[in-house]
$ cat start.pdb   # PDB, C-alpha atoms, pLDDT in the B column
ATOM      1  CA  MET A 270      18.885 -59.391 -19.105  1.00 80.00           C
ATOM      2  CA  TYR A 271      16.322 -56.804 -20.149  1.00 90.00           C
ATOM      3  CA  LEU A 272      16.299 -53.276 -18.750  1.00 85.00           C
ATOM      4  CA  ALA A 273      13.093 -51.308 -19.248  1.00 90.00           C
ATOM      5  CA  ARG A 274      12.524 -47.645 -18.570  1.00 87.00           C
ATOM      6  CA  HIS A 275       9.199 -46.841 -16.920  1.00 92.00           C
ATOM      7  CA  ALA A 276       6.449 -45.243 -18.976  1.00 92.00           C
ATOM      8  CA  ALA A 277       6.158 -41.447 -18.915  1.00 91.00           C
ATOM      9  CA  ALA A 278       4.723 -39.954 -15.767  1.00 91.00           C
ATOM     10  CA  VAL A 279       2.520 -36.905 -15.432  1.00 93.00           C
ATOM     11  CA  VAL A 280       4.733 -34.188 -13.937  1.00 89.00           C
ATOM     12  CA  ASP A 281       2.998 -32.614 -10.958  1.00 89.00           C
ATOM     13  CA  ARG A 282       5.282 -30.207  -9.115  1.00 84.00           C
ATOM     14  CA  ALA A 283       2.913 -30.298  -6.127  1.00 89.00           C
ATOM     15  CA  VAL A 284       3.744 -33.990  -5.655  1.00 87.00           C
ATOM     16  CA  PRO A 285       7.199 -35.513  -5.014  1.00 85.00           C
ATOM     17  CA  SER A 286       8.470 -37.189  -8.205  1.00 83.00           C
ATOM     18  CA  PRO A 287       8.549 -40.698  -6.670  1.00 85.00           C
ATOM     19  CA  LEU A 288       4.741 -40.434  -6.381  1.00 89.00           C
ATOM     20  CA  TRP A 289       4.050 -39.258  -9.947  1.00 90.00           C
ATOM     21  CA  GLN A 290       1.481 -41.359 -11.797  1.00 93.00           C
ATOM     22  CA  LEU A 291       1.341 -42.577 -15.396  1.00 94.00           C
ATOM     23  CA  SER A 292      -0.961 -40.905 -17.892  1.00 94.00           C
ATOM     24  CA  ALA A 293      -3.609 -42.921 -19.729  1.00 94.00           C
ATOM     25  CA  GLU A 294      -1.440 -42.856 -22.865  1.00 95.00           C
ATOM     26  CA  SER A 295       1.563 -44.075 -20.867  1.00 93.00           C
ATOM     27  CA  ARG A 296      -0.443 -46.913 -19.349  1.00 96.00           C
ATOM     28  CA  SER A 297      -1.358 -48.046 -22.836  1.00 96.00           C
ATOM     29  CA  ALA A 298       2.297 -47.886 -23.937  1.00 95.00           C
ATOM     30  CA  ALA A 299       3.404 -49.875 -20.883  1.00 95.00           C
ATOM     31  CA  ALA A 300       0.874 -52.599 -21.693  1.00 95.00           C
ATOM     32  CA  GLN A 301       2.481 -52.925 -25.142  1.00 94.00           C
ATOM     33  CA  LEU A 302       5.978 -53.653 -23.785  1.00 93.00           C
ATOM     34  CA  GLN A 303       7.276 -57.027 -24.880  1.00 92.00           C
ATOM     35  CA  LEU A 304       9.262 -58.563 -22.046  1.00 91.00           C
ATOM     36  CA  PRO A 305       9.680 -62.198 -21.051  1.00 91.00           C
ATOM     37  CA  ALA A 306       6.963 -63.182 -18.589  1.00 89.00           C
ATOM     38  CA  GLY A 307       7.941 -64.127 -15.077  1.00 90.00           C
ATOM     39  CA  ALA A 308       9.755 -62.722 -12.097  1.00 90.00           C
ATOM     40  CA  ALA A 309      11.419 -59.326 -12.298  1.00 92.00           C
ATOM     41  CA  LEU A 310      12.647 -56.524 -10.078  1.00 94.00           C
ATOM     42  CA  THR A 311      11.261 -53.012 -10.241  1.00 92.00           C
ATOM     43  CA  SER A 312      11.994 -49.666  -8.686  1.00 90.00           C
ATOM     44  CA  SER A 313       9.818 -49.109  -5.642  1.00 90.00           C
ATOM     45  CA  GLU A 314       8.503 -45.893  -7.197  1.00 90.00           C
ATOM     46  CA  GLU A 315       4.901 -46.163  -8.364  1.00 91.00           C
ATOM     47  CA  LYS A 316       5.573 -45.201 -12.001  1.00 92.00           C
ATOM     48  CA  ALA A 317       7.971 -48.141 -12.362  1.00 92.00           C
ATOM     49  CA  ARG A 318       5.811 -50.562 -10.388  1.00 93.00           C
ATOM     50  CA  GLU A 319       2.772 -49.739 -12.522  1.00 93.00           C
ATOM     51  CA  THR A 320       4.776 -50.069 -15.738  1.00 94.00           C
ATOM     52  CA  ALA A 321       5.919 -53.533 -14.632  1.00 94.00           C
ATOM     53  CA  ARG A 322       2.371 -54.593 -13.714  1.00 94.00           C
ATOM     54  CA  LEU A 323       0.989 -53.384 -17.033  1.00 95.00           C
ATOM     55  CA  ALA A 324       3.770 -55.213 -18.891  1.00 94.00           C
ATOM     56  CA  GLY A 325       2.600 -58.418 -17.234  1.00 94.00           C
ATOM     57  CA  LEU A 326       5.599 -58.919 -14.980  1.00 94.00           C
ATOM     58  CA  ASP A 327       5.559 -60.539 -11.554  1.00 92.00           C
ATOM     59  CA  ALA A 328       7.738 -57.763 -10.187  1.00 91.00           C
ATOM     60  CA  THR A 329       9.212 -57.311  -6.734  1.00 94.00           C
ATOM     61  CA  PRO A 330      10.022 -53.722  -5.680  1.00 93.00           C
ATOM     62  CA  ASP A 331      13.678 -53.080  -4.882  1.00 90.00           C
ATOM     63  CA  ASP A 332      14.792 -49.706  -3.484  1.00 86.00           C
ATOM     64  CA  ARG A 333      18.196 -50.116  -5.145  1.00 83.00           C
ATOM     65  CA  LEU A 334      16.461 -49.425  -8.469  1.00 83.00           C
ATOM     66  CA  ARG A 335      14.930 -46.090  -7.403  1.00 82.00           C
ATOM     67  CA  GLU A 336      15.561 -42.894  -9.318  1.00 77.00           C
ATOM     68  CA  VAL A 337      18.826 -41.125  -8.593  1.00 73.00           C
ATOM     69  CA  VAL A 338      18.483 -38.848  -5.589  1.00 62.00           C
ATOM     70  CA  ARG A 339      21.075 -36.895  -3.723  1.00 54.00           C
ATOM     71  CA  PRO A 340      20.632 -35.157  -0.420  1.00 56.00           C
ATOM     72  CA  ALA A 341      20.992 -31.411  -0.784  1.00 52.00           C
ATOM     73  CA  PRO A 342      23.906 -30.269   1.396  1.00 55.00           C
ATOM     74  CA  CYS A 343      22.571 -26.736   1.752  1.00 54.00           C
ATOM     75  CA  SER A 344      18.872 -27.552   2.097  1.00 53.00           C
ATOM     76  CA  THR A 345      18.718 -26.377   5.704  1.00 50.00           C
ATOM     77  CA  ALA A 346      20.810 -23.267   5.222  1.00 52.00           C
ATOM     78  CA  SER A 347      18.951 -19.992   4.846  1.00 53.00           C
ATOM     79  CA  THR A 348      21.867 -18.533   2.857  1.00 53.00           C
ATOM     80  CA  GLY A 349      24.908 -19.990   1.126  1.00 79.00           C
ATOM     81  CA  SER A 350      26.085 -21.270  -2.230  1.00 72.00           C
ATOM     82  CA  ALA A 351      27.277 -24.560  -3.642  1.00 75.00           C
ATOM     83  CA  VAL A 352      29.214 -25.320  -6.825  1.00 80.00           C
ATOM     84  CA  THR A 353      28.362 -28.753  -8.149  1.00 78.00           C
ATOM     85  CA  HIS A 354      27.229 -30.617 -11.256  1.00 77.00           C
ATOM     86  CA  GLY A 355      24.209 -30.003 -13.478  1.00 84.00           C
ATOM     87  CA  LEU A 356      22.442 -33.232 -12.531  1.00 81.00           C
ATOM     88  CA  ALA A 357      22.802 -32.514  -8.828  1.00 78.00           C
ATOM     89  CA  ILE A 358      21.447 -28.991  -9.386  1.00 83.00           C
ATOM     90  CA  ALA A 359      18.539 -30.285 -11.464  1.00 85.00           C
ATOM     91  CA  LEU A 360      17.617 -32.814  -8.779  1.00 82.00           C
ATOM     92  CA  TYR A 361      17.897 -30.316  -5.937  1.00 81.00           C
ATOM     93  CA  ALA A 362      16.011 -27.584  -7.826  1.00 84.00           C
ATOM     94  CA  ASP A 363      13.355 -30.044  -9.069  1.00 84.00           C
ATOM     95  CA  GLN A 364      13.984 -29.118 -12.699  1.00 88.00           C
ATOM     96  CA  THR A 365      12.468 -30.825 -15.697  1.00 89.00           C
ATOM     97  CA  PHE A 366      14.623 -32.648 -18.219  1.00 88.00           C
ATOM     98  CA  ALA A 367      14.269 -29.713 -20.621  1.00 92.00           C
ATOM     99  CA  GLU A 368      15.424 -27.260 -17.946  1.00 92.00           C
ATOM    100  CA  TRP A 369      18.430 -29.472 -17.177  1.00 90.00           C
ATOM    101  CA  ARG A 370      19.338 -29.719 -20.876  1.00 92.00           C
ATOM    102  CA  ALA A 371      19.067 -25.956 -21.318  1.00 94.00           C
ATOM    103  CA  MET A 372      21.374 -25.217 -18.374  1.00 91.00           C
ATOM    104  CA  PRO A 373      24.516 -23.509 -19.744  1.00 85.00           C
ATOM    105  CA  PHE A 374      28.122 -23.964 -18.615  1.00 85.00           C
ATOM    106  CA  PRO A 375      28.628 -22.293 -16.131  1.00 86.00           C
ATOM    107  CA  ALA A 376      25.206 -21.539 -14.670  1.00 81.00           C
ATOM    108  CA  VAL A 377      23.693 -20.108 -11.528  1.00 85.00           C
ATOM    109  CA  ILE A 378      20.299 -21.407 -10.461  1.00 86.00           C
ATOM    110  CA  GLU A 379      18.549 -19.718  -7.552  1.00 85.00           C
ATOM    111  CA  ARG A 380      16.278 -21.803  -5.400  1.00 79.00           C
TER     112      ARG A 380
END

$ encode --input "start.pdb" --output "structure tokens"
Amino acid sequence: MYLARHAAAVVDRAVPSPLWQLSAESRSAAAQLQLPAGAALTSSEEKARETARLAGLDATPDDRLREVVRPAPCSTASTGSAVTHGLAIALYADQTFAEWRAMPFPAVIER
């Protein structure tokens, strides 16, 4: 079994991350992937679907392969706090990978 990570997407904070698109450079990199031809599964997110297409795969989208998402328990509250894990905070606060990596222990992130 081969597991391939999608090519890099252009981060656009005005657009939900599942809709981010690949850059021209990323499209070129995806076309260079060397995977066995034939049927495959892909995340239903466009950046993964496009990577699969460019790699020459006959890929079927499968929602079970989507990026990790967690519902935010306090998203409807106007006030309140939650103590949780860095990844959950990064997802809820829509942080970049660099922001997540730079988060100290402990940390308070206001959103």

$ closest_residue --input "start.pdb" --among "A:Leu310, A:Pro375, A:Arg318, A:Tyr361" --to "Asp331 (chain A)" --atoms "only C-alpha atoms"
A:Leu310

$ closest_residue --input "start.pdb" --among "A:Val284, A:Ala293, A:Met270, A:Leu334" --to "Ser313 (chain A)" --atoms "all atoms listed in the file"
A:Leu334

$ resolve_selection --input "start.pdb" --expression "the PyMOL selection byres ((chain A and resi 353) around 12)" --output "PDB file with C-alpha atoms, in the coordinates of the input"
ATOM      1  CA  ARG A 339      21.075 -36.895  -3.723  1.00 54.00           C
ATOM      2  CA  ALA A 341      20.992 -31.411  -0.784  1.00 52.00           C
ATOM      3  CA  PRO A 342      23.906 -30.269   1.396  1.00 55.00           C
ATOM      4  CA  CYS A 343      22.571 -26.736   1.752  1.00 54.00           C
ATOM      5  CA  SER A 350      26.085 -21.270  -2.230  1.00 72.00           C
ATOM      6  CA  ALA A 351      27.277 -24.560  -3.642  1.00 75.00           C
ATOM      7  CA  VAL A 352      29.214 -25.320  -6.825  1.00 80.00           C
ATOM      8  CA  HIS A 354      27.229 -30.617 -11.256  1.00 77.00           C
ATOM      9  CA  GLY A 355      24.209 -30.003 -13.478  1.00 84.00           C
ATOM     10  CA  LEU A 356      22.442 -33.232 -12.531  1.00 81.00           C
ATOM     11  CA  ALA A 357      22.802 -32.514  -8.828  1.00 78.00           C
ATOM     12  CA  ILE A 358      21.447 -28.991  -9.386  1.00 83.00           C
ATOM     13  CA  ALA A 359      18.539 -30.285 -11.464  1.00 85.00           C
ATOM     14  CA  LEU A 360      17.617 -32.814  -8.779  1.00 82.00           C
ATOM     15  CA  TYR A 361      17.897 -30.316  -5.937  1.00 81.00           C
ATOM     16  CA  PHE A 374      28.122 -23.964 -18.615  1.00 85.00           C
ATOM     17  CA  PRO A 375      28.628 -22.293 -16.131  1.00 86.00           C
ATOM     18  CA  ALA A 376      25.206 -21.539 -14.670  1.00 81.00           C
ATOM     19  CA  VAL A 377      23.693 -20.108 -11.528  1.00 85.00           C
ATOM     20  CA  ILE A 378      20.299 -21.407 -10.461  1.00 86.00           C
TER      21      ILE A 378
END

$ resolve_selection --input "start.pdb" --expression "the PyMOL selection byres ((chain A and resi 301) around 12)" --output "PyMOL selection string"
chain A and resi 276+294-300+302-304+320-325

$ atom_distance --input "start.pdb" --atom1 "CA of Ala306 (chain A)" --atom2 "CA of Pro287 (chain A)"
25.5 Å

$ resolve_selection --input "start.pdb" --expression "the PyMOL selection byres ((chain A and resi 327) around 7)" --output "MDAnalysis selection string"
chainID A and resid 307:309 325:326 328:329

$ axis_aligned_box --input "start.pdb" --around "region 321-331 of chain A" --padding-each-side "3 Å" --output "AutoDock Vina command-line options"
--center_x 7.3 --center_y -56.8 --center_z -11.9 --size_x 18.7 --size_y 13.5 --size_z 20.0

$ atom_distance --input "start.pdb" --atom1 "CA of Leu272 (chain A)" --atom2 "CA of Pro305 (chain A)"
11.3 Å

$ atom_distance --input "start.pdb" --atom1 "CA of Trp369 (chain A)" --atom2 "CA of Lys316 (chain A)"
21.0 Å

$ decode --input "start.pdb" --residues "region 309-335 of chain A" --atoms "N, CA and C atoms" --output "PDB file, in the first residue's frame"
ATOM      1  N   ALA A 309      -7.512   4.038  -6.960  1.00  0.00           N
ATOM      2  CA  ALA A 309      -7.030   4.527  -5.671  1.00  0.00           C
ATOM      3  C   ALA A 309      -8.173   5.254  -4.980  1.00  0.00           C
ATOM      4  N   LEU A 310      -8.002   5.504  -3.705  1.00  0.00           N
ATOM      5  CA  LEU A 310      -8.925   6.345  -2.952  1.00  0.00           C
ATOM      6  C   LEU A 310      -8.238   7.670  -2.691  1.00  0.00           C
ATOM      7  N   THR A 311      -9.014   8.714  -2.556  1.00  0.00           N
ATOM      8  CA  THR A 311      -8.473  10.029  -2.240  1.00  0.00           C
ATOM      9  C   THR A 311      -9.406  10.745  -1.276  1.00  0.00           C
ATOM     10  N   SER A 312      -8.847  11.644  -0.507  1.00  0.00           N
ATOM     11  CA  SER A 312      -9.671  12.530   0.300  1.00  0.00           C
ATOM     12  C   SER A 312     -10.612  13.263  -0.642  1.00  0.00           C
ATOM     13  N   SER A 313     -11.769  13.627  -0.146  1.00  0.00           N
ATOM     14  CA  SER A 313     -12.722  14.366  -0.976  1.00  0.00           C
ATOM     15  C   SER A 313     -12.362  15.846  -1.103  1.00  0.00           C
ATOM     16  N   GLU A 314     -11.331  16.283  -0.371  1.00  0.00           N
ATOM     17  CA  GLU A 314     -10.912  17.678  -0.478  1.00  0.00           C
ATOM     18  C   GLU A 314     -10.173  17.900  -1.798  1.00  0.00           C
ATOM     19  N   GLU A 315     -10.416  19.059  -2.399  1.00  0.00           N
ATOM     20  CA  GLU A 315      -9.905  19.334  -3.742  1.00  0.00           C
ATOM     21  C   GLU A 315      -8.393  19.200  -3.857  1.00  0.00           C
ATOM     22  N   LYS A 316      -7.637  19.624  -2.851  1.00  0.00           N
ATOM     23  CA  LYS A 316      -6.171  19.549  -2.960  1.00  0.00           C
ATOM     24  C   LYS A 316      -5.688  18.109  -3.076  1.00  0.00           C
ATOM     25  N   ALA A 317      -6.370  17.184  -2.446  1.00  0.00           N
ATOM     26  CA  ALA A 317      -6.010  15.764  -2.557  1.00  0.00           C
ATOM     27  C   ALA A 317      -6.516  15.180  -3.869  1.00  0.00           C
ATOM     28  N   ARG A 318      -7.725  15.546  -4.246  1.00  0.00           N
ATOM     29  CA  ARG A 318      -8.285  15.030  -5.509  1.00  0.00           C
ATOM     30  C   ARG A 318      -7.439  15.467  -6.698  1.00  0.00           C
ATOM     31  N   GLU A 319      -7.016  16.743  -6.697  1.00  0.00           N
ATOM     32  CA  GLU A 319      -6.190  17.237  -7.793  1.00  0.00           C
ATOM     33  C   GLU A 319      -4.818  16.578  -7.802  1.00  0.00           C
ATOM     34  N   THR A 320      -4.241  16.367  -6.630  1.00  0.00           N
ATOM     35  CA  THR A 320      -2.951  15.673  -6.552  1.00  0.00           C
ATOM     36  C   THR A 320      -3.079  14.280  -7.161  1.00  0.00           C
ATOM     37  N   ALA A 321      -4.133  13.571  -6.826  1.00  0.00           N
ATOM     38  CA  ALA A 321      -4.346  12.219  -7.365  1.00  0.00           C
ATOM     39  C   ALA A 321      -4.494  12.253  -8.888  1.00  0.00           C
ATOM     40  N   ARG A 322      -5.301  13.203  -9.386  1.00  0.00           N
ATOM     41  CA  ARG A 322      -5.487  13.314 -10.837  1.00  0.00           C
ATOM     42  C   ARG A 322      -4.164  13.576 -11.543  1.00  0.00           C
ATOM     43  N   LEU A 323      -3.392  14.518 -10.996  1.00  0.00           N
ATOM     44  CA  LEU A 323      -2.118  14.872 -11.619  1.00  0.00           C
ATOM     45  C   LEU A 323      -1.104  13.735 -11.552  1.00  0.00           C
ATOM     46  N   ALA A 324      -1.234  12.875 -10.545  1.00  0.00           N
ATOM     47  CA  ALA A 324      -0.347  11.715 -10.420  1.00  0.00           C
ATOM     48  C   ALA A 324      -0.795  10.569 -11.322  1.00  0.00           C
ATOM     49  N   GLY A 325      -1.883  10.767 -12.041  1.00  0.00           N
ATOM     50  CA  GLY A 325      -2.347   9.768 -12.990  1.00  0.00           C
ATOM     51  C   GLY A 325      -3.184   8.661 -12.391  1.00  0.00           C
ATOM     52  N   LEU A 326      -3.733   8.887 -11.220  1.00  0.00           N
ATOM     53  CA  LEU A 326      -4.530   7.860 -10.557  1.00  0.00           C
ATOM     54  C   LEU A 326      -6.004   7.954 -10.950  1.00  0.00           C
ATOM     55  N   ASP A 327      -6.647   6.813 -10.992  1.00  0.00           N
ATOM     56  CA  ASP A 327      -8.095   6.736 -11.180  1.00  0.00           C
ATOM     57  C   ASP A 327      -8.682   6.703  -9.773  1.00  0.00           C
ATOM     58  N   ALA A 328      -8.800   7.875  -9.172  1.00  0.00           N
ATOM     59  CA  ALA A 328      -9.111   7.965  -7.747  1.00  0.00           C
ATOM     60  C   ALA A 328     -10.589   8.230  -7.486  1.00  0.00           C
ATOM     61  N   THR A 329     -11.083   7.579  -6.455  1.00  0.00           N
ATOM     62  CA  THR A 329     -12.448   7.756  -5.983  1.00  0.00           C
ATOM     63  C   THR A 329     -12.409   8.507  -4.658  1.00  0.00           C
ATOM     64  N   PRO A 330     -13.108   9.640  -4.556  1.00  0.00           N
ATOM     65  CA  PRO A 330     -13.123  10.389  -3.287  1.00  0.00           C
ATOM     66  C   PRO A 330     -13.772   9.575  -2.168  1.00  0.00           C
ATOM     67  N   ASP A 331     -13.214   9.695  -0.988  1.00  0.00           N
ATOM     68  CA  ASP A 331     -13.724   8.992   0.192  1.00  0.00           C
ATOM     69  C   ASP A 331     -13.608   9.948   1.380  1.00  0.00           C
ATOM     70  N   ASP A 332     -14.743  10.345   1.943  1.00  0.00           N
ATOM     71  CA  ASP A 332     -14.750  11.300   3.055  1.00  0.00           C
ATOM     72  C   ASP A 332     -13.981  10.818   4.273  1.00  0.00           C
ATOM     73  N   ARG A 333     -13.768   9.516   4.406  1.00  0.00           N
ATOM     74  CA  ARG A 333     -13.016   9.007   5.555  1.00  0.00           C
ATOM     75  C   ARG A 333     -11.552   9.428   5.503  1.00  0.00           C
ATOM     76  N   LEU A 334     -11.097   9.905   4.357  1.00  0.00           N
ATOM     77  CA  LEU A 334      -9.705  10.322   4.197  1.00  0.00           C
ATOM     78  C   LEU A 334      -9.535  11.831   4.269  1.00  0.00           C
ATOM     79  N   ARG A 335     -10.586  12.552   4.671  1.00  0.00           N
ATOM     80  CA  ARG A 335     -10.498  14.012   4.792  1.00  0.00           C
ATOM     81  C   ARG A 335      -9.536  14.406   5.902  1.00  0.00           C
TER      82      ARG A 335
END
